[in-house]
Amino acid sequence: MRVYVPLTIPGLAEAYRAGELGPGPLAAYAVTPGLREWYVSDDIEELEYAALNRAAAASLRLLAGAPGAPRRRVVVAVDVPDREAVADPDQALQAAALGEVRIAAAVPMAKAAAVHVDADEAVDDVSAAVDALGAADHGDDDAQFTVDGAEDHELLWFGVQEIPGIVG
């Protein structure tokens with residue numbers, strides 16, 4: 001199963017140095033039954049794109065808790081056995097948990113298929129979105145508009161061999 005693990009640039013650097021994403025449990029996003037029902041599509045590429053976007057939103061929240069991190073969303077796509085990516089059936093259809101899975105143990109970076117990262121031109125919008133998250137969570141429509149602005153930026157695709165260049 002392809003899962004999408006949200007990170008920050010410092011988190012990616014640490015995973016690269018350690019040779020694994022972890023320690024577990026890891027929050028990740030995947031094509032779950034709940035995501036399938038919500039997205040209403042049979043196209044696996046569309047569903048995986050939706051899971052990737054859910055992970056990008058989670059990366060934005062990680063950035064809110066990491067004031068010194070570069071303001072670029074990071075998502076690592078990894079392949080794990082289906083049995084290792086577990087969705088909480090009680091939260092499967094809750095909006096905040098759509099596509100969310102837990103992976104109990106660390107995942108070797110050797111299982112990584114790709115890395116998705118914001119381009120430089122997204123930094124200002126991502127920074128503004130991080131600053132607006134709290135107000136958006138409390139129902140401020142203008143703040144939500146700002147948060148949604150980060151989603152207008154497509155994450156770039158990088159091969160795992162390009163991680164050293166990403167983390168500098």
# chains A, B, ... in the order shown; residues from 1 in each chain; ligands from 1
$ closest_atom_pairs --of "range 14-71 of chain A" --to "range 150-166 of chain A" --cutoff "9 Å" --atoms "only C-alpha atoms" --output "tab-separated table"
residue	atom	partner	partner_atom	distance
A:Tyr16	CA	A:Ile163	CA	7.5
A:Asn53	CA	A:Glu151	CA	7.9
A:Ala56	CA	A:Glu151	CA	8.2
A:Ala57	CA	A:Glu151	CA	7.9
A:Leu60	CA	A:Ala150	CA	8.7
$ select_by_dssp --residues "range 73-146 of chain A" --states "alpha helix (DSSP H)" --output "MDAnalysis selection string"
chainID A and resid 123:137 141:146
$ residues_around --residues "Val101 in chain A" --least-positions-apart "5" --cutoff "8 Å" --atoms "only C-alpha atoms" --output "number ranges by chain"
A: 27-30, 85-88
$ atom_distance --atom1 "CA of Pro67 in chain A" --atom2 "CA of Pro108 in chain A"
27.1 Å
$ closest_residue --among "A:Pro10, A:Val3, A:Ala132, A:Gly168" --to "Ala69 in chain A" --atoms "only C-alpha atoms"
A:Pro10
$ select_by_dssp --residues "chain A" --states "strand (DSSP E or B)" --output "number ranges by chain"
A: 2-7, 20-21, 26-29, 74-79, 85-86, 100-103, 107-108, 112-117, 156-158
$ closest_residue --among "A:Arg36, A:Arg73, A:Arg61, A:Arg54" --to "Thr8 in chain A" --atoms "only C-alpha atoms"
A:Arg73
$ closest_residue --among "A:Arg71, A:Glu14, A:Ala104, A:Asp42" --to "Asp131 in chain A" --atoms "only C-alpha atoms"
A:Arg71
$ residues_around --residues "Glu84 in chain A" --least-positions-apart "6" --cutoff "9 Å" --atoms "only C-alpha atoms" --output "PyMOL selection string"
chain A and resi 1+102-105
$ closest_residue --among "A:Ala51, A:Leu63, A:Val5, A:Val167" --to "Gly24 in chain A" --atoms "only C-alpha atoms"
A:Val5
$ atom_distance --atom1 "CA of Ser41 in chain A" --atom2 "CA of Ser59 in chain A"
24.5 Å
$ residues_around --residues "Ala112 in chain A" --least-positions-apart "2" --cutoff "10 Å" --atoms "only C-alpha atoms" --output "list in words"
Arg2, Val3, Tyr4, Val5, Glu20, Leu21, Val76, Ala77, Val78, Asp79, Val80, Val107, Pro108, Met109, Ala110, Ala114, Val115, Gly159 and Val160 of chain A
$ atom_distance --atom1 "CA of Gly19 in chain A" --atom2 "CA of Lys111 in chain A"
10.2 Å
$ closest_residue --among "A:Ala97, A:Leu26, A:Leu35, A:Ala64" --to "Ala128 in chain A" --atoms "only C-alpha atoms"
A:Ala64
$ closest_residue --among "A:His138, A:Gly149, A:Leu62, A:Gly99" --to "Val123 in chain A" --atoms "only C-alpha atoms"
A:Gly149
